[in-house]
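Enquirer: Dumping the structure here so I can ask a few things about it.
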Amino acid sequence: MSDKKKVKNRAKSFLSGSARLTAMLTFGLFSYGSVAAAADVLHSSPAKEVITDSVTGEKAFYADLEEVVINPGKQKYSKKNNPAVDLMQRIRKSADSNNPVLSPYYSYDKYEKIILGVNDFNVKDDSTRKSRRSLRFLQNYTDTAAWSGKRVLNLMMKEKSSSRITRDNGSVDKEVVRGLNSQGIGNLINQDNLQTILEDVFREIDIYDNSITLLQNRFVSPLSPISADFYKFHITDTVTVGGEKCIDLQFTPHNPESMGFNGDIFVAYEDSIPFVKRVSMRLPRATNLNYVENIYISQNFSRDSLDNRNKTVDEVSVEFRIMPGTPRMYAHRTTRYENFSYARRDDLDEYYDKLGERFVADLAYERPGEFWEARRLEPLSRVEARLGNIMNDARGVPFLMWTERILMFLESGYVKTSKRSYFDYGPLNTTVSYNTVEGVRLRAGGMTTANLSDHLFGRGYVAYGCRDKKWKYSVELEYSFRKKKYHSREFCRHGFLASYSYDLDMLGQHYLFTNADNLFLSLKRKESVLVTYRRLGTASYILELPNHFSVQASLRHEIQEATRWLPFRFADGQTLDRFTQACFRIDLRYAPGEKFIQGRSNRSPVNMDAWVFQLTHEYGPKGFLGSDFELNRTELSVQKRLWFSAFGYTDIIMKAGMVWSSVYYPALMWPNANLSYTIQPESYSLMDAMEFANDKYLSLDMTYYGNGVLFNHIPLINKLKLREVVTFKGLMGGLSDRNNPARNSSLLQFPAEARASVMGKTPYMEIGCGIDNILTFLRVDYVWRLTYRDTPGVDKSGLRISLHFSF
């Protein structure tokens, strides 16, 4: 059978045995792509019926197609002397000429709605009659998907009413959120965190940008400077869009596994400056993207009296499945825009000069129904309107009730002690852990909530080591000038904090993004007993501003107690049981545009796109509150994620530090050694704890994520959707004579157990190569130590792993 006949038979099979297909030929709804550019649609009968789109008001028609023939042969393509490429270049170069943001003032109002649900839902698919009976209520929440027409079980709806204001050619760009509404299962999760995640995953798309950011990935825009090499462009037809004659400019990536789209750009005909009327895009199925089966994107633009473009409609639909055998999911974001203005808005006047980029009204989550009726630019369907009742119905099913409780625990890591909890127990991942000094470590703790007091908060824990037979503890009291919704760590913090703790201090093993007694860090590649017992008291003033600048001024008092592994011994043989160090400390941090998930104890970045600058300085004179030595220390760090469009991205972290005074060895700048088998940021995978003694250092941490830049081009391998990872970590350091016990007899000697050494002129370096996205969640790196390989007892290479989920 010929290839042409095979394709023809498949088309007939797709038509369910019928020789005729009724198709809605709305321009931009369906993109043929590279193969479809060679498709011939034959014997189309006259239009049967004319319809009007309810959203855009445009005309479309039904037609009966007697036959669909697809010619599978490859077409010769060249970007040279290609009028389609020339048109794309003209559109790209004219982007600023009709950009309304490049005006003294510009603003608009926006309504956004996000729906999350189960795709292709049918209760009858369940295997037992009892289950079907208990889940029958879900039929009340089934709707029709906006793009595919499939039956969808709506689980969650998020609405946002906001305004965007810009000034001075876009140099000032702010969002004012007037209302936020959540219905359905979204109420199980912290609303601010959920809103942050959804806004980052479903970012607003600007087709004129070099990259399209969606699902926390960067796709190459069809108007990018590299698009002529990344995409194939074709001019296929002239069509009518919004009553205006337009050119249909189609594009498709050369490599369907790469991060690009198939789609159409509809450009106004006979314009000296190309004006885009509509954009329609779809993700190729072969794209190296986890869990996602389909993405549909559609945008409409209107022309105002100044010939500027105003986006009026922006829609994104995503069909995805987390694991084989689980239900397919559906997400749809629709955004409508109105009230475009080039004047300074009186109703938003207070925000133009206000510090910050995003402002949320105090009562945003408490807006009444009348507020939403007035501001919805698209009415709710009957199913969407009743979605607020789904949780009450679900709690009547025991399985769903317990599922709700488990999800709430997983989201926070804490367990509520009552329905209106005054005290939450946790975090549970620290309840049991293991280390060499303590053996099995048992810990219990928790924190008070805003239900007890929305200004005054307490938290703490007690822990016991089964091997060292010692109790450890921590107590903390924080007063917030700002009223909190639930816990003390919520952004923005402003208040006083006092704390006191007695616990282990693992020198050279200070993990920055997790607790040291996290259960998952208990499995180590090498045992370490390089610990002291530390009593630490702090009194701090904390101020965080909406623009993500923060300052923390602290008074610290620390008592370090010697252990048999880390004794405090001078050169003449005299020993100390303990020493005291007290200082003033100031921490400055600036991260413009930073987005993070707010946990009860820590903050996890949603992405690392923002610049992050941190400066810390500590000073305490000798004799201050009993201090045994003068402390004068400074540290600076800078971090940023750099994107390379279709070629992945690199995370870069640079740090530098200096100790300006003579200090005892626990106060030196010991680099962080990662003794576990897991991949930990800002630590060295093959370095031993306390291996290098530094009072000055400069470090560089780089991780490159290729996103399949090589694997996508290897046959068979590209089907596995593997991704490349390359890491480099380097450290230059030194120890001055004033802090070298071999040259300064007034200092404590380095303990023999530590085998500490002074770094020479050669920097410490390690490099790793890895494969990410194994089974969509596993990363495996093999790491090599490049320098100081002759040091006795060190690991020269090894495997490291991490588990994470991402698109």
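A note on labels: chains of the structure tokens are A, B, ... as shown, every chain counts residues from 1, and ligands are counted from 1 in their shown order.
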If we count only C-alpha atoms and set the cut-off at 8 Å, which residues sit around stretch 453-469 of chain A, ignoring sequence neighbours fewer than 3 positions away in its own chain? Please answer as a PDB file with N, CA and C atoms, in the first residue's frame.

Expert:
ATOM      1  N   VAL A 437      26.877  11.726  65.807  1.00  0.00           N
ATOM      2  CA  VAL A 437      27.043  12.162  67.191  1.00  0.00           C
ATOM      3  C   VAL A 437      25.842  11.779  68.047  1.00  0.00           C
ATOM      4  N   GLU A 438      24.651  12.032  67.557  1.00  0.00           N
ATOM      5  CA  GLU A 438      23.441  11.796  68.339  1.00  0.00           C
ATOM      6  C   GLU A 438      22.860  10.406  68.145  1.00  0.00           C
ATOM      7  N   GLY A 439      23.287   9.709  67.097  1.00  0.00           N
ATOM      8  CA  GLY A 439      22.607   8.476  66.744  1.00  0.00           C
ATOM      9  C   GLY A 439      21.206   8.809  66.259  1.00  0.00           C
ATOM     10  N   VAL A 440      20.220   8.099  66.722  1.00  0.00           N
ATOM     11  CA  VAL A 440      18.835   8.429  66.382  1.00  0.00           C
ATOM     12  C   VAL A 440      18.431   9.689  67.141  1.00  0.00           C
ATOM     13  N   ARG A 441      17.937  10.650  66.400  1.00  0.00           N
ATOM     14  CA  ARG A 441      17.510  11.925  66.993  1.00  0.00           C
ATOM     15  C   ARG A 441      16.000  12.026  66.899  1.00  0.00           C
ATOM     16  N   LEU A 442      15.353  12.276  68.039  1.00  0.00           N
ATOM     17  CA  LEU A 442      13.902  12.436  68.105  1.00  0.00           C
ATOM     18  C   LEU A 442      13.588  13.897  68.398  1.00  0.00           C
ATOM     19  N   ARG A 443      12.635  14.429  67.662  1.00  0.00           N
ATOM     20  CA  ARG A 443      12.326  15.852  67.815  1.00  0.00           C
ATOM     21  C   ARG A 443      10.824  16.068  67.772  1.00  0.00           C
ATOM     22  N   ALA A 444      10.348  16.971  68.616  1.00  0.00           N
ATOM     23  CA  ALA A 444       8.935  17.368  68.624  1.00  0.00           C
ATOM     24  C   ALA A 444       8.876  18.882  68.769  1.00  0.00           C
ATOM     25  N   GLY A 445       7.967  19.504  68.026  1.00  0.00           N
ATOM     26  CA  GLY A 445       7.868  20.960  68.088  1.00  0.00           C
ATOM     27  C   GLY A 445       6.627  21.463  67.406  1.00  0.00           C
ATOM     28  N   GLY A 446       6.550  22.756  67.268  1.00  0.00           N
ATOM     29  CA  GLY A 446       5.393  23.361  66.620  1.00  0.00           C
ATOM     30  C   GLY A 446       5.423  24.870  66.721  1.00  0.00           C
ATOM     31  N   MET A 447       4.283  25.478  66.400  1.00  0.00           N
ATOM     32  CA  MET A 447       4.191  26.936  66.375  1.00  0.00           C
ATOM     33  C   MET A 447       2.758  27.355  66.650  1.00  0.00           C
ATOM     34  N   THR A 448       2.618  28.555  67.197  1.00  0.00           N
ATOM     35  CA  THR A 448       1.280  29.105  67.385  1.00  0.00           C
ATOM     36  C   THR A 448       0.808  29.735  66.085  1.00  0.00           C
ATOM     37  N   THR A 449      -0.479  29.956  65.983  1.00  0.00           N
ATOM     38  CA  THR A 449      -1.069  30.504  64.763  1.00  0.00           C
ATOM     39  C   THR A 449      -1.797  31.817  65.064  1.00  0.00           C
ATOM     40  N   ALA A 450      -2.249  32.445  64.001  1.00  0.00           N
ATOM     41  CA  ALA A 450      -2.965  33.715  64.147  1.00  0.00           C
ATOM     42  C   ALA A 450      -4.320  33.528  64.814  1.00  0.00           C
ATOM     43  N   LYS A 472      18.172  18.880  73.497  1.00  0.00           N
ATOM     44  CA  LYS A 472      18.367  20.159  72.805  1.00  0.00           C
ATOM     45  C   LYS A 472      17.013  20.855  72.699  1.00  0.00           C
ATOM     46  N   TYR A 473      17.067  22.144  72.478  1.00  0.00           N
ATOM     47  CA  TYR A 473      15.794  22.870  72.440  1.00  0.00           C
ATOM     48  C   TYR A 473      15.971  24.198  71.705  1.00  0.00           C
ATOM     49  N   SER A 474      14.858  24.790  71.355  1.00  0.00           N
ATOM     50  CA  SER A 474      14.820  26.123  70.754  1.00  0.00           C
ATOM     51  C   SER A 474      13.483  26.760  71.088  1.00  0.00           C
ATOM     52  N   VAL A 475      13.513  28.021  71.488  1.00  0.00           N
ATOM     53  CA  VAL A 475      12.292  28.784  71.739  1.00  0.00           C
ATOM     54  C   VAL A 475      12.404  30.109  71.002  1.00  0.00           C
ATOM     55  N   GLU A 476      11.267  30.576  70.513  1.00  0.00           N
ATOM     56  CA  GLU A 476      11.254  31.799  69.707  1.00  0.00           C
ATOM     57  C   GLU A 476       9.964  32.553  69.965  1.00  0.00           C
ATOM     58  N   LEU A 477      10.073  33.867  70.079  1.00  0.00           N
ATOM     59  CA  LEU A 477       8.907  34.734  70.262  1.00  0.00           C
ATOM     60  C   LEU A 477       9.044  35.900  69.296  1.00  0.00           C
ATOM     61  N   GLU A 478       7.986  36.137  68.508  1.00  0.00           N
ATOM     62  CA  GLU A 478       8.029  37.208  67.510  1.00  0.00           C
ATOM     63  C   GLU A 478       6.778  38.074  67.632  1.00  0.00           C
ATOM     64  N   TYR A 479       7.010  39.379  67.638  1.00  0.00           N
ATOM     65  CA  TYR A 479       5.892  40.330  67.605  1.00  0.00           C
ATOM     66  C   TYR A 479       5.884  41.012  66.238  1.00  0.00           C
ATOM     67  N   SER A 480       4.736  40.967  65.570  1.00  0.00           N
ATOM     68  CA  SER A 480       4.597  41.559  64.245  1.00  0.00           C
ATOM     69  C   SER A 480       3.753  42.821  64.316  1.00  0.00           C
ATOM     70  N   PHE A 481       4.277  43.904  63.743  1.00  0.00           N
ATOM     71  CA  PHE A 481       3.490  45.132  63.653  1.00  0.00           C
ATOM     72  C   PHE A 481       2.362  44.992  62.643  1.00  0.00           C
ATOM     73  N   ARG A 482       2.535  44.073  61.689  1.00  0.00           N
ATOM     74  CA  ARG A 482       1.516  43.831  60.676  1.00  0.00           C
ATOM     75  C   ARG A 482       0.664  42.643  61.104  1.00  0.00           C
ATOM     76  N   LYS A 483      -0.614  42.767  60.869  1.00  0.00           N
ATOM     77  CA  LYS A 483      -1.533  41.676  61.181  1.00  0.00           C
ATOM     78  C   LYS A 483      -1.288  40.515  60.230  1.00  0.00           C
ATOM     79  N   LYS A 484      -1.143  39.313  60.779  1.00  0.00           N
ATOM     80  CA  LYS A 484      -0.850  38.130  59.983  1.00  0.00           C
ATOM     81  C   LYS A 484      -2.111  37.299  59.747  1.00  0.00           C
ATOM     82  N   LYS A 485      -2.132  36.590  58.607  1.00  0.00           N
ATOM     83  CA  LYS A 485      -3.272  35.737  58.292  1.00  0.00           C
ATOM     84  C   LYS A 485      -3.224  34.427  59.071  1.00  0.00           C
ATOM     85  N   TYR A 486      -1.988  33.836  59.172  1.00  0.00           N
ATOM     86  CA  TYR A 486      -1.917  32.541  59.863  1.00  0.00           C
ATOM     87  C   TYR A 486      -0.627  32.340  60.657  1.00  0.00           C
ATOM     88  N   HIS A 487       0.534  32.715  60.096  1.00  0.00           N
ATOM     89  CA  HIS A 487       1.786  32.455  60.821  1.00  0.00           C
ATOM     90  C   HIS A 487       2.743  33.634  60.675  1.00  0.00           C
ATOM     91  N   SER A 488       3.810  33.588  61.450  1.00  0.00           N
ATOM     92  CA  SER A 488       4.679  34.763  61.602  1.00  0.00           C
ATOM     93  C   SER A 488       5.589  35.026  60.413  1.00  0.00           C
TER      94      SER A 488
END

Enquirer: Could you please write out, as a ChimeraX atom specification, every residue of stretch 435-624 of chain A that DSSP assigns to helix (DSSP H, G or I)?

Expert: /A:519-521,624

Enquirer: Neighbouring residues of A:Leu710 were defined as those with any atom within 12 Å, considering only C-alpha atoms; residues of the same chain fewer than 3 positions away were excluded. Please report them as a list of chain:residue names.

Expert: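 So the residues in contact are A:Asn255, A:Glu257, A:Ser258, A:Asn288, A:Ala646, A:Phe647, A:Gly648, A:Tyr705, A:Gly706, A:Asn707, A:His713, A:Ile714, A:Pro715, A:Ile717, A:Asn718, A:Lys721, A:Leu722, A:Arg723, A:Glu724, A:Val725, A:Ile771.
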
Enquirer: Please list as number ranges by chain every residue within 9 Å of A:Gln598, counting only C-alpha atoms and excluding residues in the same chain fewer than 4 positions away.

Expert: A: 190, 192-193, 489-491, 602-605

Enquirer: Using all heavy atoms, can you write the selected residues to a file as a short mmCIF file (atom, residue, chain, number, x, y, z; two decimals), in the first residue's frame?

Expert:
data_model
loop_
_atom_site.label_atom_id
_atom_site.label_comp_id
_atom_site.auth_asym_id
_atom_site.auth_seq_id
_atom_site.Cartn_x
_atom_site.Cartn_y
_atom_site.Cartn_z
N ASN A 190 -2.72 27.15 50.70
CA ASN A 190 -2.50 28.56 50.98
C ASN A 190 -2.79 29.39 49.74
O ASN A 190 -2.20 29.18 48.68
CB ASN A 190 -1.05 28.75 51.44
CG ASN A 190 -0.72 30.20 51.73
OD1 ASN A 190 -0.48 31.00 50.83
ND2 ASN A 190 -0.69 30.53 53.01
N ASP A 192 -2.28 32.57 48.87
CA ASP A 192 -1.20 33.39 48.30
C ASP A 192 -0.20 32.52 47.54
O ASP A 192 0.25 32.90 46.45
CB ASP A 192 -0.49 34.17 49.41
CG ASP A 192 -1.39 35.24 50.02
OD1 ASP A 192 -2.27 35.75 49.31
OD2 ASP A 192 -1.22 35.55 51.21
N ASN A 193 0.16 31.36 48.10
CA ASN A 193 1.09 30.47 47.41
C ASN A 193 0.49 29.95 46.11
O ASN A 193 1.17 29.88 45.08
CB ASN A 193 1.45 29.29 48.32
CG ASN A 193 2.41 29.68 49.43
OD1 ASN A 193 3.03 30.75 49.39
ND2 ASN A 193 2.53 28.84 50.43
N ARG A 489 5.87 34.01 59.59
CA ARG A 489 6.85 34.18 58.51
C ARG A 489 6.25 34.80 57.24
O ARG A 489 6.96 34.98 56.25
CB ARG A 489 7.45 32.81 58.17
CG ARG A 489 8.23 32.14 59.28
CD ARG A 489 9.53 32.88 59.58
NE ARG A 489 10.44 32.05 60.36
CZ ARG A 489 10.56 32.08 61.67
NH1 ARG A 489 9.79 32.91 62.37
NH2 ARG A 489 11.42 31.30 62.29
N GLU A 490 4.97 35.10 57.25
CA GLU A 490 4.32 35.62 56.05
C GLU A 490 4.95 36.93 55.59
O GLU A 490 5.29 37.79 56.39
CB GLU A 490 2.83 35.83 56.31
CG GLU A 490 2.05 34.55 56.55
CD GLU A 490 0.66 34.79 57.09
OE1 GLU A 490 0.29 35.98 57.28
OE2 GLU A 490 -0.06 33.81 57.34
N PHE A 491 5.08 37.08 54.27
CA PHE A 491 5.59 38.30 53.66
C PHE A 491 4.49 39.37 53.67
O PHE A 491 3.33 39.06 53.38
CB PHE A 491 6.01 37.98 52.22
CG PHE A 491 6.68 39.10 51.50
CD1 PHE A 491 8.03 39.36 51.69
CD2 PHE A 491 5.96 39.89 50.61
CE1 PHE A 491 8.64 40.38 51.00
CE2 PHE A 491 6.58 40.92 49.93
CZ PHE A 491 7.92 41.17 50.13
N ASN A 602 10.40 28.23 55.99
CA ASN A 602 11.30 28.68 54.93
C ASN A 602 10.51 29.19 53.73
O ASN A 602 9.30 29.01 53.64
CB ASN A 602 12.21 27.52 54.49
CG ASN A 602 13.03 26.96 55.62
OD1 ASN A 602 13.73 27.69 56.31
ND2 ASN A 602 12.95 25.65 55.83
N ARG A 603 11.25 29.82 52.83
CA ARG A 603 10.69 30.25 51.56
C ARG A 603 11.42 29.54 50.44
O ARG A 603 12.65 29.51 50.41
CB ARG A 603 10.83 31.76 51.40
CG ARG A 603 9.94 32.55 52.35
CD ARG A 603 10.25 34.03 52.32
NE ARG A 603 9.38 34.78 53.22
CZ ARG A 603 9.58 36.04 53.57
NH1 ARG A 603 10.63 36.70 53.09
NH2 ARG A 603 8.75 36.64 54.39
N SER A 604 10.65 28.98 49.51
CA SER A 604 11.23 28.28 48.37
C SER A 604 10.96 29.09 47.11
O SER A 604 9.80 29.41 46.83
CB SER A 604 10.61 26.88 48.23
OG SER A 604 10.78 26.13 49.40
N PRO A 605 11.99 29.43 46.35
CA PRO A 605 11.76 30.24 45.14
C PRO A 605 10.92 29.49 44.12
O PRO A 605 11.14 28.29 43.87
CB PRO A 605 13.18 30.51 44.63
CG PRO A 605 14.03 29.44 45.24
CD PRO A 605 13.40 29.10 46.55
#

Enquirer: Which residues, written as a count of residues only, have at least one atom at most 6 Å from stretch 787-803 of chain A, with only C-alpha atoms counted and residues fewer than 4 positions away on the same chain left out?

Expert: 13

Enquirer: Looking at only C-alpha atoms, which of A:Tyr664, A:Phe496, A:Tyr291, A:Phe568 is the one that sits closest to A:Phe320?

Expert: A:Tyr291

Enquirer: When you draw a straight line from atom CA of A:Trp660 to atom CA of A:Met732, how long is it in Å?

Expert: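 Between these atoms lies a distance of 17.2 Å.
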
Enquirer: Taking 2 positions as the minimum chain separation for residues in the same chain, which residues sit within 8 Å of stretch 348-352 of chain A when counting only C-alpha atoms? Answer as a PyMOL selection string.

Expert: chain A and resi 165+167+172+174+176+344-346+354

Enquirer: Please report, as a ChimeraX atom specification, each residue of stretch 621-775 of chain A to which DSSP assigns strand (DSSP E or B) when run on this structure's backbone.

Expert: /A:631-643,649-659,673,676,678,684,692-693,696-705,723-734,757-758,764-774

Enquirer: Please indicate the distance in Å from atom CA of A:Gly768 to atom CA of A:Asp651, rounded to one decimal place.

Expert: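 Between atom CA of A:Gly768 and atom CA of A:Asp651 the gap works out to 14.3 Å.
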
Enquirer: Give the answer as one residue: which of A:Ala84, A:Leu735, A:Leu615, A:Ala394 has the shortest atom-to-atom distance to A:Gly760, using only C-alpha atoms?

Expert: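 Using only C-alpha atoms, the shortest distance to A:Gly760 belongs to A:Leu735.
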
Enquirer: Give me the residues near A:Asn181 as a list of chain:residue names, where near means some atom within 6 Å (using only C-alpha atoms) and where sequence neighbours in that chain fewer than 4 positions away do not count.

Expert: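 These residues fall inside the cut-off: A:Lys158, A:Glu159, A:Tyr365.
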
Enquirer: Could you please take those selected residues and save C-alpha atoms as a tab-separated table (two decimals), in the first residue's frame?

Expert:
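In the end it all went to part_14.tsv:
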chain	number	residue	atom	x	y	z
A	158	LYS	CA	-9.50	31.20	40.42
A	159	GLU	CA	-10.57	34.71	39.48
A	365	TYR	CA	-10.24	37.86	49.08

Enquirer: So, counting only C-alpha atoms, which residue among A:Ala539, A:Ile226, A:Val267, A:Val551 is closest to A:Arg493?

Expert: A:Val551

Enquirer: Find the residue from A:Asn389, A:Thr144, A:Gln639, A:Thr252 that sits nearest to A:Glu594; use only C-alpha atoms when measuring.

Expert: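 The shortest atom-to-atom distance to A:Glu594 comes from A:Gln639.
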